[in-house]
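Asks: Take this structure first; my questions come after.
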Amino acid sequence: MDTVESAAKLRSDFLEVLHSRRSPVVPLQRLHALQTLPAKRVVEPLYQGIPIDFEVMKSYPEALLNEENFYLPTEEGEQGRLPVLILSMKESTQSKRPAVVFLHPSNANKEWLRPSLEDYASRGYIAIAIDSRYHGERAKTHTAYQDALVSSWKRGDTMPFIYDTVWDLLKLADYLTAREDIDHSKIGIKF
């Protein structure tokens with residue numbers, strides 16, 4: 001089995017496991033740029049247990065950056081709206097640029113990554129951050145992630161772990177590869 005076949009089998013096996021425990025999902029073929037949902041910039045994001053100095057977050061002249069905020073539907077239900085933040089330079093001579101997806105740690109959110117996004121965007125990358133399940137815009141309370149973990153352990157009714165993150169990243173990859181400003185052979189991820 002060659003590498004392409006191995007990757008296709010791994011994706012297929014993962015989707016089979018995921019579908020066996022999930023509600024109906026948004027079909028991959030329906031996912032493209034026109035089906036994102038508009039979102040506003042988050043000014044005061046919800047943090048779960050860590051103090052944040054919002055002044056430190058403002059580190060780069062916004063006049064030089066393009067900012068996109070939107071929701072990407074990944075599945076049915078409350079957690080199925082993936083909040084996405086994308087930063088890129090306004091003046092770019094490149095038609096296709098490399099992209100980097102940043103993942104935040106537990107109890108943080110995509111806005112916490114803003115200084116890193118600005119740094120990479122200023123170097124010509126398209127910098128992307130998402131809110132993980134039960135974090136940022138996907139959290140209703142300061143204990144949302146902890147509550148979801150406990151619920152998962154006790155009742156098995158949710159799984160805010162690696163499967164959901166992988167599912168969201170697969171859907172995000174489908175979206176990013178549909179964009180014409182991204183070099184599809186140069187999409188990376190940073191933890």
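Starting from 1 in every chain, residues are counted up; chains themselves are A, B, ... following the order of the structure tokens, and ligands are numbered from 1 as listed.
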So which residues touch A:Met89 within 7 Å, counting only C-alpha atoms, skipping near sequence neighbours fewer than 6 positions away, as a VMD selection string?
Replies: chain A and resid 64 to 66 121 to 122 124
Asks: A:Val166: which residues within 10 Å, counting only C-alpha atoms, same-chain residues fewer than 5 positions away excluded, as number ranges by chain?
Replies: A: 14, 18, 161, 171-172
Asks: Would you mind reading off the distance between atom CA of A:Leu103 and atom CA of A:Ile126, one decimal, in Å?
Replies: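 Between atom CA of A:Leu103 and atom CA of A:Ile126 the gap is 14.4 Å.
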Asks: Pick out the residues sitting within 12 Å of A:Glu137, and hand them over as a PyMOL selection string; count only C-alpha atoms, and ignore anything fewer than 3 positions along from it in its own chain.
Replies: chain A and resi 39-48+69-71+78-85+107-111+130-134+140-142+144-145
Asks: Output N, CA, C and O atoms for every residue in that selection, as a short mmCIF file (atom, residue, chain, number, x, y, z; two decimals), in the first residue's frame.
Replies:
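Contents of the output file out17.cif:
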data_model
loop_
_atom_site.label_atom_id
_atom_site.label_comp_id
_atom_site.auth_asym_id
_atom_site.auth_seq_id
_atom_site.Cartn_x
_atom_site.Cartn_y
_atom_site.Cartn_z
N ALA A 39 -18.74 36.30 11.50
CA ALA A 39 -18.54 36.49 12.94
C ALA A 39 -17.87 37.82 13.16
O ALA A 39 -17.20 38.36 12.28
N LYS A 40 -18.05 38.37 14.35
CA LYS A 40 -17.40 39.61 14.72
C LYS A 40 -16.14 39.31 15.50
O LYS A 40 -16.00 38.24 16.10
N ARG A 41 -15.25 40.28 15.53
CA ARG A 41 -14.03 40.15 16.31
C ARG A 41 -14.39 40.03 17.79
O ARG A 41 -15.26 40.75 18.29
N VAL A 42 -13.74 39.13 18.49
CA VAL A 42 -13.97 38.94 19.91
C VAL A 42 -13.08 39.94 20.66
O VAL A 42 -11.86 39.90 20.55
N VAL A 43 -13.71 40.83 21.39
CA VAL A 43 -12.97 41.88 22.10
C VAL A 43 -12.52 41.42 23.48
O VAL A 43 -11.40 41.65 23.89
N GLU A 44 -13.42 40.77 24.22
CA GLU A 44 -13.09 40.26 25.55
C GLU A 44 -13.40 38.77 25.61
O GLU A 44 -14.47 38.37 26.04
N PRO A 45 -12.45 37.94 25.18
CA PRO A 45 -12.70 36.51 25.13
C PRO A 45 -12.81 35.88 26.51
O PRO A 45 -12.29 36.40 27.49
N LEU A 46 -13.51 34.75 26.56
CA LEU A 46 -13.69 34.01 27.80
C LEU A 46 -12.47 33.12 28.04
O LEU A 46 -12.12 32.30 27.20
N TYR A 47 -11.81 33.34 29.17
CA TYR A 47 -10.69 32.49 29.57
C TYR A 47 -11.15 31.65 30.74
O TYR A 47 -11.90 32.11 31.59
N GLN A 48 -10.67 30.43 30.80
CA GLN A 48 -11.06 29.51 31.85
C GLN A 48 -9.88 29.29 32.81
O GLN A 48 -9.07 28.41 32.60
N ASN A 69 -12.82 36.89 10.58
CA ASN A 69 -13.48 36.17 11.67
C ASN A 69 -14.72 35.52 11.10
O ASN A 69 -15.55 36.19 10.49
N PHE A 70 -14.84 34.22 11.28
CA PHE A 70 -16.03 33.52 10.79
C PHE A 70 -16.19 32.21 11.54
O PHE A 70 -15.31 31.78 12.29
N TYR A 71 -17.35 31.58 11.31
CA TYR A 71 -17.62 30.26 11.86
C TYR A 71 -17.67 29.27 10.71
O TYR A 71 -18.26 29.55 9.67
N GLU A 78 -24.44 22.35 19.16
CA GLU A 78 -23.84 23.54 19.75
C GLU A 78 -22.34 23.68 19.49
O GLU A 78 -21.84 24.76 19.23
N GLN A 79 -21.62 22.58 19.56
CA GLN A 79 -20.18 22.63 19.36
C GLN A 79 -19.77 22.54 17.89
O GLN A 79 -18.59 22.56 17.57
N GLY A 80 -20.74 22.45 16.99
CA GLY A 80 -20.46 22.28 15.57
C GLY A 80 -20.15 23.53 14.79
O GLY A 80 -19.99 23.48 13.58
N ARG A 81 -20.06 24.69 15.47
CA ARG A 81 -19.66 25.94 14.80
C ARG A 81 -18.23 26.24 15.22
O ARG A 81 -17.98 26.64 16.35
N LEU A 82 -17.30 26.05 14.30
CA LEU A 82 -15.88 26.25 14.59
C LEU A 82 -15.52 27.72 14.41
O LEU A 82 -15.52 28.24 13.30
N PRO A 83 -15.19 28.45 15.50
CA PRO A 83 -14.77 29.84 15.38
C PRO A 83 -13.35 29.90 14.80
O PRO A 83 -12.44 29.22 15.28
N VAL A 84 -13.18 30.70 13.74
CA VAL A 84 -11.90 30.79 13.04
C VAL A 84 -11.46 32.25 13.00
O VAL A 84 -12.25 33.14 12.72
N LEU A 85 -10.17 32.47 13.27
CA LEU A 85 -9.53 33.79 13.15
C LEU A 85 -8.36 33.63 12.20
O LEU A 85 -7.51 32.75 12.39
N ASN A 107 -7.77 25.74 28.39
CA ASN A 107 -8.23 26.93 29.13
C ASN A 107 -7.90 28.25 28.45
O ASN A 107 -8.14 29.30 29.03
N ALA A 108 -7.37 28.23 27.25
CA ALA A 108 -7.09 29.47 26.51
C ALA A 108 -8.09 29.57 25.35
O ALA A 108 -9.16 28.97 25.39
N ASN A 109 -7.75 30.32 24.31
CA ASN A 109 -8.62 30.48 23.15
C ASN A 109 -7.82 31.04 21.99
O ASN A 109 -6.63 31.33 22.12
N LYS A 110 -8.47 31.21 20.84
CA LYS A 110 -7.77 31.68 19.64
C LYS A 110 -7.21 33.08 19.82
O LYS A 110 -6.15 33.40 19.29
N GLU A 111 -7.88 33.94 20.56
CA GLU A 111 -7.38 35.31 20.78
C GLU A 111 -6.08 35.31 21.58
O GLU A 111 -5.26 36.20 21.41
N ILE A 130 -8.09 28.64 15.83
CA ILE A 130 -9.46 28.21 16.08
C ILE A 130 -9.68 28.09 17.59
O ILE A 130 -8.72 27.98 18.35
N ASP A 131 -10.93 28.13 17.99
CA ASP A 131 -11.28 27.81 19.37
C ASP A 131 -11.56 26.32 19.44
O ASP A 131 -12.41 25.81 18.71
N SER A 132 -10.87 25.62 20.33
CA SER A 132 -11.14 24.20 20.55
C SER A 132 -12.51 24.04 21.20
O SER A 132 -13.08 24.99 21.72
N ARG A 133 -13.01 22.82 21.20
CA ARG A 133 -14.30 22.53 21.83
C ARG A 133 -14.29 22.99 23.28
O ARG A 133 -13.32 22.79 23.99
N TYR A 134 -15.37 23.62 23.70
CA TYR A 134 -15.58 24.08 25.07
C TYR A 134 -14.56 25.14 25.49
O TYR A 134 -14.27 25.29 26.67
N LYS A 140 -19.53 28.51 27.35
CA LYS A 140 -20.57 29.39 27.91
C LYS A 140 -20.21 29.86 29.32
O LYS A 140 -20.72 30.85 29.79
N THR A 141 -19.33 29.10 30.00
CA THR A 141 -18.96 29.42 31.38
C THR A 141 -17.45 29.28 31.55
O THR A 141 -16.77 28.74 30.67
N HIS A 142 -16.97 29.72 32.70
CA HIS A 142 -15.54 29.62 33.00
C HIS A 142 -15.11 28.19 33.33
O HIS A 142 -13.92 27.91 33.47
N ALA A 144 -16.50 25.46 31.45
CA ALA A 144 -17.09 24.66 30.37
C ALA A 144 -16.24 23.45 30.00
O ALA A 144 -16.76 22.34 29.84
N TYR A 145 -14.94 23.63 29.86
CA TYR A 145 -14.09 22.52 29.47
C TYR A 145 -14.02 21.47 30.58
O TYR A 145 -14.17 20.27 30.32
#
Asks: Please provide as a count of residues only all residues within 6 Å of A:Phe102, with the sequence filter that same-chain residues fewer than 4 positions apart are discarded (counting only C-alpha atoms).
Replies: 4
Asks: Of the candidates A:Ala7, A:Val100, A:Leu113, A:Val150, which one gets nearest to A:Ile128 if we count only C-alpha atoms?
Replies: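 Selected residue with least distance to A:Ile128: A:Val100.
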Asks: Between atom CA of A:Glu75 and atom CA of A:Ser116, what distance in Å does the model show, to one decimal?
Replies: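 Answer for the atom CA of A:Glu75 to atom CA of A:Ser116 separation: 28.3 Å.
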Asks: Could you give me, as JSON lines, a per-residue list for stretch 90-154 of chain A showing, wherever an atom lies at most 12 Å from an atom of stretch 174-186 of chain A, the closest pair of atoms and their distance in Å to one decimal, using only C-alpha atoms and sorting by chain then residue number from low to high?
Replies:
{"residue": "A:Ser92", "atom": "CA", "partner": "A:Asp181", "partner_atom": "CA", "distance": 10.4}
{"residue": "A:Thr93", "atom": "CA", "partner": "A:Asp181", "partner_atom": "CA", "distance": 11.0}
{"residue": "A:Gln94", "atom": "CA", "partner": "A:Asp181", "partner_atom": "CA", "distance": 8.4}
{"residue": "A:Ser95", "atom": "CA", "partner": "A:Asp181", "partner_atom": "CA", "distance": 5.8}
{"residue": "A:Lys96", "atom": "CA", "partner": "A:Asp181", "partner_atom": "CA", "distance": 4.5}
{"residue": "A:Arg97", "atom": "CA", "partner": "A:Ile182", "partner_atom": "CA", "distance": 4.9}
{"residue": "A:Pro98", "atom": "CA", "partner": "A:Lys186", "partner_atom": "CA", "distance": 4.9}
{"residue": "A:Ala99", "atom": "CA", "partner": "A:Lys186", "partner_atom": "CA", "distance": 6.4}
{"residue": "A:Val100", "atom": "CA", "partner": "A:Lys186", "partner_atom": "CA", "distance": 8.3}
{"residue": "A:Val101", "atom": "CA", "partner": "A:Leu176", "partner_atom": "CA", "distance": 10.0}
{"residue": "A:Gly124", "atom": "CA", "partner": "A:Ile182", "partner_atom": "CA", "distance": 11.1}
{"residue": "A:Tyr125", "atom": "CA", "partner": "A:Ile182", "partner_atom": "CA", "distance": 9.0}
{"residue": "A:Ile126", "atom": "CA", "partner": "A:Ile182", "partner_atom": "CA", "distance": 7.5}
{"residue": "A:Ala127", "atom": "CA", "partner": "A:Ile182", "partner_atom": "CA", "distance": 10.6}
{"residue": "A:Ile128", "atom": "CA", "partner": "A:Leu176", "partner_atom": "CA", "distance": 9.8}
Asks: May I have the selected residues written with all heavy atoms, as an mmCIF file, in the first residue's frame?
Replies:
data_model
loop_
_atom_site.group_PDB
_atom_site.id
_atom_site.type_symbol
_atom_site.label_atom_id
_atom_site.label_comp_id
_atom_site.auth_asym_id
_atom_site.auth_seq_id
_atom_site.Cartn_x
_atom_site.Cartn_y
_atom_site.Cartn_z
ATOM 1 N N SER A 92 0.524 42.101 -0.124
ATOM 2 C CA SER A 92 1.287 40.898 -0.428
ATOM 3 C C SER A 92 1.394 40.742 -1.927
ATOM 4 O O SER A 92 0.410 40.872 -2.650
ATOM 5 C CB SER A 92 0.618 39.670 0.169
ATOM 6 O OG SER A 92 1.329 38.519 -0.205
ATOM 7 N N THR A 93 2.613 40.475 -2.387
ATOM 8 C CA THR A 93 2.822 40.264 -3.812
ATOM 9 C C THR A 93 2.639 38.797 -4.196
ATOM 10 O O THR A 93 2.536 38.482 -5.356
ATOM 11 C CB THR A 93 4.236 40.716 -4.214
ATOM 12 O OG1 THR A 93 5.184 39.985 -3.434
ATOM 13 C CG2 THR A 93 4.412 42.211 -3.998
ATOM 14 N N GLN A 94 2.603 37.931 -3.205
ATOM 15 C CA GLN A 94 2.415 36.510 -3.464
ATOM 16 C C GLN A 94 0.941 36.214 -3.722
ATOM 17 O O GLN A 94 0.071 36.677 -2.997
ATOM 18 C CB GLN A 94 2.866 35.677 -2.264
ATOM 19 C CG GLN A 94 4.348 35.718 -2.003
ATOM 20 C CD GLN A 94 4.676 34.925 -0.756
ATOM 21 O OE1 GLN A 94 4.369 35.365 0.335
ATOM 22 N NE2 GLN A 94 5.281 33.766 -0.940
ATOM 23 N N SER A 95 0.674 35.428 -4.752
ATOM 24 C CA SER A 95 -0.711 35.050 -4.999
ATOM 25 C C SER A 95 -1.123 33.885 -4.092
ATOM 26 O O SER A 95 -2.241 33.821 -3.633
ATOM 27 C CB SER A 95 -0.917 34.681 -6.460
ATOM 28 O OG SER A 95 -0.094 33.590 -6.801
ATOM 29 N N LYS A 96 -0.193 32.977 -3.847
ATOM 30 C CA LYS A 96 -0.452 31.859 -2.936
ATOM 31 C C LYS A 96 0.615 31.868 -1.852
ATOM 32 O O LYS A 96 1.794 31.920 -2.139
ATOM 33 C CB LYS A 96 -0.423 30.532 -3.682
ATOM 34 C CG LYS A 96 -1.593 30.351 -4.631
ATOM 35 C CD LYS A 96 -1.568 28.958 -5.233
ATOM 36 C CE LYS A 96 -2.739 28.735 -6.143
ATOM 37 N NZ LYS A 96 -3.937 28.354 -5.432
ATOM 38 N N ARG A 97 0.147 31.822 -0.612
ATOM 39 C CA ARG A 97 1.074 31.884 0.518
ATOM 40 C C ARG A 97 0.971 30.638 1.386
ATOM 41 O O ARG A 97 -0.071 29.993 1.424
ATOM 42 C CB ARG A 97 0.771 33.125 1.356
ATOM 43 C CG ARG A 97 1.098 34.418 0.612
ATOM 44 C CD ARG A 97 0.741 35.611 1.423
ATOM 45 N NE ARG A 97 -0.666 35.896 1.148
ATOM 46 C CZ ARG A 97 -1.378 36.784 1.789
ATOM 47 N NH1 ARG A 97 -0.858 37.480 2.760
ATOM 48 N NH2 ARG A 97 -2.634 36.994 1.478
ATOM 49 N N PRO A 98 2.038 30.347 2.113
ATOM 50 C CA PRO A 98 1.951 29.240 3.067
ATOM 51 C C PRO A 98 1.017 29.620 4.214
ATOM 52 O O PRO A 98 0.833 30.804 4.514
ATOM 53 C CB PRO A 98 3.392 29.070 3.550
ATOM 54 C CG PRO A 98 4.054 30.374 3.287
ATOM 55 C CD PRO A 98 3.348 30.989 2.109
ATOM 56 N N ALA A 99 0.446 28.614 4.850
ATOM 57 C CA ALA A 99 -0.478 28.845 5.962
ATOM 58 C C ALA A 99 -0.021 28.034 7.175
ATOM 59 O O ALA A 99 0.537 26.948 7.036
ATOM 60 C CB ALA A 99 -1.894 28.447 5.575
ATOM 61 N N VAL A 100 -0.270 28.592 8.358
ATOM 62 C CA VAL A 100 0.027 27.906 9.610
ATOM 63 C C VAL A 100 -1.216 27.981 10.489
ATOM 64 O O VAL A 100 -1.761 29.061 10.720
ATOM 65 C CB VAL A 100 1.224 28.538 10.352
ATOM 66 C CG1 VAL A 100 1.478 27.813 11.661
ATOM 67 C CG2 VAL A 100 2.461 28.531 9.492
ATOM 68 N N VAL A 101 -1.646 26.819 10.982
ATOM 69 C CA VAL A 101 -2.774 26.732 11.904
ATOM 70 C C VAL A 101 -2.202 26.588 13.307
ATOM 71 O O VAL A 101 -1.391 25.702 13.563
ATOM 72 C CB VAL A 101 -3.673 25.517 11.580
ATOM 73 C CG1 VAL A 101 -4.810 25.401 12.599
ATOM 74 C CG2 VAL A 101 -4.220 25.616 10.162
ATOM 75 N N GLY A 124 4.640 36.897 6.035
ATOM 76 C CA GLY A 124 4.091 36.434 4.769
ATOM 77 C C GLY A 124 3.214 35.194 4.840
ATOM 78 O O GLY A 124 2.702 34.736 3.823
ATOM 79 N N TYR A 125 3.033 34.655 6.018
ATOM 80 C CA TYR A 125 2.155 33.491 6.169
ATOM 81 C C TYR A 125 0.704 33.938 6.308
ATOM 82 O O TYR A 125 0.423 35.057 6.717
ATOM 83 C CB TYR A 125 2.503 32.706 7.440
ATOM 84 C CG TYR A 125 3.815 31.973 7.389
ATOM 85 C CD1 TYR A 125 4.996 32.615 7.738
ATOM 86 C CD2 TYR A 125 3.874 30.635 7.009
ATOM 87 C CE1 TYR A 125 6.213 31.944 7.702
ATOM 88 C CE2 TYR A 125 5.076 29.957 6.988
ATOM 89 C CZ TYR A 125 6.245 30.615 7.325
ATOM 90 O OH TYR A 125 7.433 29.956 7.295
ATOM 91 N N ILE A 126 -0.206 33.029 6.019
ATOM 92 C CA ILE A 126 -1.598 33.192 6.411
ATOM 93 C C ILE A 126 -1.699 32.439 7.727
ATOM 94 O O ILE A 126 -1.459 31.227 7.781
ATOM 95 C CB ILE A 126 -2.559 32.651 5.343
ATOM 96 C CG1 ILE A 126 -2.410 33.499 4.072
ATOM 97 C CG2 ILE A 126 -3.993 32.651 5.865
ATOM 98 C CD1 ILE A 126 -3.235 33.044 2.905
ATOM 99 N N ALA A 127 -1.978 33.155 8.807
ATOM 100 C CA ALA A 127 -1.962 32.595 10.157
ATOM 101 C C ALA A 127 -3.389 32.372 10.636
ATOM 102 O O ALA A 127 -4.214 33.291 10.599
ATOM 103 C CB ALA A 127 -1.209 33.526 11.094
ATOM 104 N N ILE A 128 -3.654 31.166 11.102
ATOM 105 C CA ILE A 128 -5.007 30.752 11.440
ATOM 106 C C ILE A 128 -5.055 30.226 12.869
ATOM 107 O O ILE A 128 -4.156 29.498 13.288
ATOM 108 C CB ILE A 128 -5.474 29.623 10.485
ATOM 109 C CG1 ILE A 128 -5.402 30.090 9.034
ATOM 110 C CG2 ILE A 128 -6.875 29.148 10.822
ATOM 111 C CD1 ILE A 128 -4.553 29.230 8.160
#
